[in-house]
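*Asks:* Got a structure here, written out as structure tokens. Questions coming.
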Amino acid sequence: MLKTLSKIGLIVAALAVGTAWLVILRLKDVPAPLLTAYGLLLVGSVVGSLWPGVLGRLSTRRRVLVFLGVPAGLGTLGLYLAVVYYVTDLPALLALAAAACLAWAAAALLRGRRAAGGRGGRPSRRAFLLGGGGLVLGVLSVLSVSPVERQRREVLARGEQERQAAVRAPGARRRIVDGAVRVFPIHTGDTIVTYGQFYGGLNGWEGLNGYLRTLVDKAQIAVPVYAYLIDHPRHGLMLVDTGVNWEQAHDHDGYYNHNQMVSRLLTQRDEYRMTPEQDLRVQLARLGYDANDITTVFLTHVHDDHAGGLRYLPQATVVMDRRDWDHGAVYPYSFDLVKDNLLFPAFASGAFDAFPDSQDHFGDGSLILLPTPGHSPGHMCVLLRMDAGSMLFTGDTLYTLPHLATGQVRQMTIGGADTIHQMEAARRIQHLLASDPGTVPLFAHDNTRYQSDLVAAAFDQGVLGKEGLRELRAHMEAVLTPDWRLRPGHTPRYVAPASGTGLGRVEFR
Ligand SMILES: [Zn+2]
């Protein structure tokens with residue numbers, strides 16, 4: 001009776017482990033054949049174990065190993081092969097397999113010796129085969145290093161060629177030096193996000209639940225990633241954020257493989273896309289600038305779609321909130337070349353509008369840093385002030401213009417204090433925009449007409465004139481009521497792709 005019960009318990013546990021893995025594999029888009037093979041193996045092993053006598057021959061330890069270890073192990077392997085594996089892992093994987101074989105062979109050898117009473121004796125066939133296999137795998141591991149590297153280098157070289165061609169394409173400008181402050185929006189490609197994470201924060205996209213939903217929800221959209229170039233007659237060339245870099249978009253797994261394989265489980269394979277013309281270096285060159293001349297980068301926060309371009313700016317001073325750096329959510333490879341150039345503002349310039357703390361960065365009131373934690377622990381916004389009008393770079397405190405309607409549109413936040421801080425920050429921005437009609441917000445991911453038509457037109461020559469300012473403010477008022485609600489025709493809605501797969505889009509109604 002007890003035996004039957006323990007048998008049933010084991011089989012139920014095996015099925016539970018297997019089913020849990022099936023669900024995870026399905027959510028991670030593991031291809032159907034691999035999924036089917038895993039399911040068949042699982043059912044096969046349970047059915048096989050019911051064969052008379054099969055279970056009886058195994059010790060309890062082995063039974064647990066077979067029933068729980070095998071489905072979990074196979075699931076992990078399947079997930080790795082389908083989702084995480086990248087060609088640059090090959091040498092490491094072969095080396096691991098070689099080490100395992102050699103260790104096993106050594107164990108077999110030792111056991112043989114002990115059995116022979118400590119005298120030498122001949123190694124067993126098993127030890128011999130395992131040792132030989134381990135050596136072969138070790139050699140393959142060493143041999144695989146150079147072709148794997150060559151393949152990556154080819155990808156990177158192709159990118160360089162495309163970049164050169166894009167820089168030389170007609171339409172490039174010459175830098176104009178006439179004492180005016182110039183600002184150029186730089187669209188560095190797109191990032192693919194879950195619609196709910198981006199626009200649906202009021203509908204259950206908060207806290208852990210929201211985070212889990214970003215892993216499983218298939219309603220995805222592509223949104224632009226913007227950095228902003230500031231050409232200032234007194235303070236030189238500066239960037240607010242740096243966007244995505246070319247490697248992130250074209251060699252995503254290779255780029256993140258510099259860190260660890262596990263991070264690839266959490267990131268999407270193709271989370272960024274970028275044409276050669278969208279490369280930060282290409283755009284700077286076509287505007288008549290050189291990436292090497294950028295002296296300062298104001299990083300609104302550490303997230304990788306804002307920090308990727310730091311790879312091209314090793315000479316720049318990077319101004320960012322210390323809390324973001326200390327919090328450790330930094331992807332090290334993106335910061336590798338600038339980690340000794342960081343400057344943490346003290347936020348010691350007192351209150352500014354509705355913000356209790358601020359930092360007058362140059363001490364002349366021309367550029368104010370405003371702490372807006374929430375989206376990240378050390379998020380900050382940047383306010384560029386000029387006689388003609390001011391610009392507020394919102395970073396990810398507000399993704400788009402409709403996000404100013406905080407009661408109707410909200411991005412996902414992890415919850416708790418983050419959400420409270422983010423809402424506080426958003427209300428302070430609302431207050432600032434209301435109290436100074438000469439200020440326009442510039443967003444990092446706006447996918448509405450505000451960015452694509454009006455901001456693009458207003459900053460075509462880089463100078464925000466009276467007319468441009470008036471048009472941007474008029475559009476803001478056409479979209480939002482004075483108490484920060486969306487007017488009819490501007491509420492975002494997800495539209496699924498026609499084919500059932502691929503990216504959806506956003507409609508405003
Ligand atoms: Zn972002």
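Labels used: A, B, ... for chains in the order of the structure tokens, numbers from 1 for residues in each chain, and numbers from 1 for ligands as shown.
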Chain A near ligand 1 within 12 Å: what's each residue's closest atom pair and its distance in Å to one decimal, counting only C-alpha atoms and all ligand atoms, ordered by chain then ascending residue number, as CSV?

*Replies:*
residue,atom,partner,partner_atom_place_in_ligand_line,distance
A:Thr188,CA,ligand 1,1 (Zn),11.6
A:Gly189,CA,ligand 1,1 (Zn),11.8
A:Asp190,CA,ligand 1,1 (Zn),10.3
A:Thr191,CA,ligand 1,1 (Zn),8.5
A:Ile192,CA,ligand 1,1 (Zn),10.8
A:Val193,CA,ligand 1,1 (Zn),10.2
A:Gln197,CA,ligand 1,1 (Zn),11.7
A:Phe198,CA,ligand 1,1 (Zn),10.1
A:Val223,CA,ligand 1,1 (Zn),9.6
A:Pro224,CA,ligand 1,1 (Zn),9.2
A:Val225,CA,ligand 1,1 (Zn),6.9
A:Tyr226,CA,ligand 1,1 (Zn),8.5
A:Ala227,CA,ligand 1,1 (Zn),10.0
A:Asp241,CA,ligand 1,1 (Zn),9.4
A:Thr242,CA,ligand 1,1 (Zn),10.5
A:Gly243,CA,ligand 1,1 (Zn),8.4
A:Val244,CA,ligand 1,1 (Zn),9.7
A:Glu271,CA,ligand 1,1 (Zn),12.0
A:Tyr272,CA,ligand 1,1 (Zn),11.5
A:Leu299,CA,ligand 1,1 (Zn),11.0
A:Thr300,CA,ligand 1,1 (Zn),9.3
A:His301,CA,ligand 1,1 (Zn),8.4
A:Val302,CA,ligand 1,1 (Zn),9.1
A:His303,CA,ligand 1,1 (Zn),6.5
A:Asp304,CA,ligand 1,1 (Zn),7.6
A:Asp305,CA,ligand 1,1 (Zn),5.4
A:His306,CA,ligand 1,1 (Zn),6.0
A:Ala307,CA,ligand 1,1 (Zn),9.4
A:Gly308,CA,ligand 1,1 (Zn),10.9
A:His375,CA,ligand 1,1 (Zn),9.2
A:Ser376,CA,ligand 1,1 (Zn),10.4
A:His379,CA,ligand 1,1 (Zn),10.9
A:Thr394,CA,ligand 1,1 (Zn),10.4
A:Gly395,CA,ligand 1,1 (Zn),6.9
A:Asp396,CA,ligand 1,1 (Zn),5.3
A:Thr397,CA,ligand 1,1 (Zn),9.1
A:Leu398,CA,ligand 1,1 (Zn),9.6
A:Tyr399,CA,ligand 1,1 (Zn),7.5
A:Thr400,CA,ligand 1,1 (Zn),10.8
A:Gln411,CA,ligand 1,1 (Zn),11.0
A:Phe443,CA,ligand 1,1 (Zn),9.6
A:Ala444,CA,ligand 1,1 (Zn),6.4
A:His445,CA,ligand 1,1 (Zn),6.7
A:Asp446,CA,ligand 1,1 (Zn),10.3

*Asks:* Just want the 12 Å neighbourhood of A:Leu229, counted on only C-alpha atoms, with same-chain residues fewer than 4 positions away dropped. Output as JSON, numbers by chain.

*Replies:* {"A": [181, 182, 183, 184, 185, 186, 187, 188, 236, 237, 238, 239, 240, 241, 242, 243, 280, 281, 283, 284, 287, 288, 289, 290, 291, 293, 294, 295, 296, 297, 298, 384, 393, 442, 459, 462, 463]}

*Asks:* Using backbone DSSP assignments, extract all alpha helix (DSSP H) residues from stretch 168-381 of chain A; output them as a PyMOL selection string.

*Replies:* chain A and resi 168+195-199+207-216+246-250+252-256+261-266+280-286+304-307+322-327+332-335

*Asks:* If we count only C-alpha atoms, what is near A:Phe128 at a cut-off of 10 Å, once residues fewer than 6 positions away on the same chain are taken out, given as a list in words?

*Replies:*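 Counting only C-alpha atoms, the residues come to Leu102, Ala105, Ala106, Ala108, Leu109, Arg122 and Gly134 of chain A.
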
*Asks:* Pull all heavy atoms from the residues just selected and write them as a tab-separated table (two decimals), in the first residue's frame.

*Replies:*
chain	number	residue	atom	x	y	z
A	102	LEU	N	35.85	14.37	-18.22
A	102	LEU	CA	37.14	14.07	-17.59
A	102	LEU	C	36.94	13.78	-16.10
A	102	LEU	O	37.57	12.86	-15.54
A	102	LEU	CB	38.12	15.23	-17.80
A	102	LEU	CG	38.62	15.37	-19.25
A	102	LEU	CD1	39.46	16.62	-19.43
A	102	LEU	CD2	39.42	14.13	-19.68
A	105	ALA	N	35.49	10.39	-15.79
A	105	ALA	CA	36.52	9.38	-16.07
A	105	ALA	C	37.44	9.21	-14.86
A	105	ALA	O	37.78	8.08	-14.47
A	105	ALA	CB	37.34	9.80	-17.29
A	106	ALA	N	37.81	10.34	-14.23
A	106	ALA	CA	38.69	10.27	-13.06
A	106	ALA	C	38.02	9.51	-11.93
A	106	ALA	O	38.65	8.68	-11.25
A	106	ALA	CB	39.06	11.69	-12.61
A	108	ALA	N	35.72	7.20	-12.25
A	108	ALA	CA	35.68	5.78	-12.60
A	108	ALA	C	37.04	5.13	-12.36
A	108	ALA	O	37.14	3.99	-11.87
A	108	ALA	CB	35.27	5.63	-14.07
A	109	LEU	N	38.08	5.87	-12.67
A	109	LEU	CA	39.45	5.37	-12.48
A	109	LEU	C	39.72	5.10	-11.00
A	109	LEU	O	40.25	4.05	-10.61
A	109	LEU	CB	40.42	6.44	-13.01
A	109	LEU	CG	41.74	5.93	-13.59
A	109	LEU	CD1	41.49	5.03	-14.78
A	109	LEU	CD2	42.60	7.13	-14.01
A	122	ARG	N	44.32	-2.16	-14.71
A	122	ARG	CA	44.02	-1.47	-15.97
A	122	ARG	C	42.78	-0.61	-15.82
A	122	ARG	O	41.85	-1.01	-15.15
A	122	ARG	CB	43.78	-2.52	-17.07
A	122	ARG	CG	45.09	-2.99	-17.72
A	122	ARG	CD	44.84	-4.31	-18.41
A	122	ARG	NE	43.67	-4.20	-19.27
A	122	ARG	CZ	43.75	-4.27	-20.61
A	122	ARG	NH1	44.89	-4.47	-21.19
A	122	ARG	NH2	42.66	-4.18	-21.33
A	134	GLY	N	36.37	13.20	-23.37
A	134	GLY	CA	36.65	14.50	-22.74
A	134	GLY	C	37.76	15.23	-23.47
A	134	GLY	O	37.66	16.44	-23.73

*Asks:* Could you state the separation of atom CA of A:Leu342 and atom CA of A:Ala426 in Å, given to one decimal place?

*Replies:* 26.5 Å

*Asks:* Can you list, as number ranges by chain, every residue of stretch 107-222 of chain A that DSSP puts in strand (DSSP E)?

*Replies:* A: 182-194, 220-222

*Asks:* Now that the selection is made, can you save its residues with N, CA, C and O atoms as a compact mmCIF listing (two decimals), in the first residue's frame?

*Replies:*
# COMPACT_ATOMS: atom_id res chain seq x y z
N ARG A 182 21.14 74.87 -30.33
CA ARG A 182 20.44 73.96 -31.23
C ARG A 182 20.16 72.64 -30.54
O ARG A 182 20.99 72.13 -29.78
N VAL A 183 19.00 72.08 -30.83
CA VAL A 183 18.61 70.79 -30.25
C VAL A 183 18.11 69.91 -31.39
O VAL A 183 17.27 70.34 -32.19
N PHE A 184 18.65 68.71 -31.48
CA PHE A 184 18.20 67.79 -32.52
C PHE A 184 17.71 66.48 -31.89
O PHE A 184 18.47 65.83 -31.17
N PRO A 185 16.46 66.13 -32.16
CA PRO A 185 16.00 64.80 -31.72
C PRO A 185 16.70 63.74 -32.56
O PRO A 185 16.79 63.89 -33.77
N ILE A 186 17.22 62.70 -31.91
CA ILE A 186 17.92 61.63 -32.63
C ILE A 186 17.19 60.32 -32.38
O ILE A 186 17.21 59.80 -31.26
N HIS A 187 16.54 59.83 -33.41
CA HIS A 187 15.76 58.59 -33.31
C HIS A 187 16.72 57.42 -33.55
O HIS A 187 17.10 57.15 -34.67
N THR A 188 17.12 56.75 -32.46
CA THR A 188 18.17 55.73 -32.60
C THR A 188 17.64 54.32 -32.81
O THR A 188 18.29 53.35 -32.45
N GLY A 189 16.45 54.20 -33.39
CA GLY A 189 15.90 52.87 -33.60
C GLY A 189 14.67 52.67 -32.74
O GLY A 189 14.17 53.61 -32.11
N ASP A 190 14.17 51.45 -32.75
CA ASP A 190 12.94 51.15 -32.01
C ASP A 190 13.20 50.07 -30.98
O ASP A 190 14.11 49.26 -31.12
N THR A 191 12.38 50.08 -29.95
CA THR A 191 12.41 48.98 -29.00
C THR A 191 11.05 48.32 -28.99
O THR A 191 10.02 48.98 -29.16
N ILE A 192 11.06 47.01 -28.84
CA ILE A 192 9.80 46.26 -28.88
C ILE A 192 9.35 46.01 -27.44
O ILE A 192 10.11 45.46 -26.64
N VAL A 193 8.16 46.47 -27.14
CA VAL A 193 7.67 46.37 -25.76
C VAL A 193 6.26 45.79 -25.77
O VAL A 193 5.58 45.76 -26.79
N THR A 194 5.84 45.36 -24.61
CA THR A 194 4.46 44.89 -24.45
C THR A 194 3.55 46.11 -24.37
O THR A 194 3.86 47.07 -23.66
N GLN A 220 2.45 43.01 -28.53
CA GLN A 220 3.67 43.82 -28.52
C GLN A 220 3.66 44.88 -29.61
O GLN A 220 3.06 44.70 -30.67
N ILE A 221 4.33 46.00 -29.31
CA ILE A 221 4.43 47.10 -30.26
C ILE A 221 5.89 47.57 -30.31
O ILE A 221 6.66 47.28 -29.41
N ALA A 222 6.22 48.26 -31.39
CA ALA A 222 7.56 48.86 -31.49
C ALA A 222 7.41 50.35 -31.20
O ALA A 222 6.52 51.00 -31.74

*Asks:* For stretch 162-169 of chain A, work out the shell of residues within 7 Å, counting only C-alpha atoms and skipping chain neighbours fewer than 3 positions away, then give it as an MDAnalysis selection string.

*Replies:* chainID A and resid 158:159 276:277 282 285:286

*Asks:* Just write the chosen residues, C-alpha atoms, as an mmCIF file, in the first residue's frame.

*Replies:*
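Final file, again.cif:
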data_model
loop_
_atom_site.group_PDB
_atom_site.id
_atom_site.type_symbol
_atom_site.label_atom_id
_atom_site.label_comp_id
_atom_site.auth_asym_id
_atom_site.auth_seq_id
_atom_site.Cartn_x
_atom_site.Cartn_y
_atom_site.Cartn_z
ATOM 1 C CA ARG A 158 29.153 44.387 -42.405
ATOM 2 C CA GLY A 159 27.611 46.959 -40.061
ATOM 3 C CA PRO A 276 22.061 51.977 -40.665
ATOM 4 C CA GLU A 277 20.755 55.588 -40.933
ATOM 5 C CA VAL A 282 25.738 58.220 -38.509
ATOM 6 C CA ALA A 285 27.939 62.841 -38.773
ATOM 7 C CA ARG A 286 25.050 63.704 -41.099
#

*Asks:* Residues within 7 Å of stretch 72-83 of chain A, please, as a tab-separated table (two decimals) with N, CA and C atoms, in the first residue's frame. Count only C-alpha atoms; anything in the same chain fewer than 5 positions from it doesn't count.

*Replies:*
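Wrote it out as result-v4.tsv, contents follow:
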chain	number	residue	atom	x	y	z
A	17	VAL	N	6.18	18.61	-12.43
A	17	VAL	CA	7.42	19.28	-12.86
A	17	VAL	C	7.42	19.44	-14.39
A	18	GLY	N	7.04	18.34	-15.05
A	18	GLY	CA	7.04	18.36	-16.52
A	18	GLY	C	6.05	19.38	-17.06
A	21	TRP	N	7.28	22.90	-16.66
A	21	TRP	CA	8.27	23.22	-17.68
A	21	TRP	C	7.64	23.41	-19.05
A	25	LEU	N	8.18	26.62	-21.30
A	25	LEU	CA	8.71	26.50	-22.66
A	25	LEU	C	7.75	27.13	-23.67
A	30	VAL	N	9.23	28.44	-27.34
A	30	VAL	CA	10.05	27.33	-27.81
A	30	VAL	C	9.32	26.66	-28.98
A	265	LEU	N	17.77	35.02	-20.80
A	265	LEU	CA	16.48	34.41	-20.51
A	265	LEU	C	15.44	35.50	-20.24

*Asks:* How far is it from atom CA of A:Leu480 to atom CA of A:Phe352, in Å with one decimal?

*Replies:*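 A separation of 23.9 Å between them.
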
*Asks:* Rank nothing, just name the residue among A:Arg174, A:Arg57, A:Lys218, A:His431 nearest to A:Pro482, using only C-alpha atoms.

*Replies:*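 Ranked by minimum distance to A:Pro482, first place goes to A:His431.
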
*Asks:* Between A:His235, A:Ser366, A:Phe344, A:Gly196, which has the minimum distance to A:Gly504 (counting only C-alpha atoms)?

*Replies:*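 For A:Gly504, the nearest of the given residues is A:Gly196.
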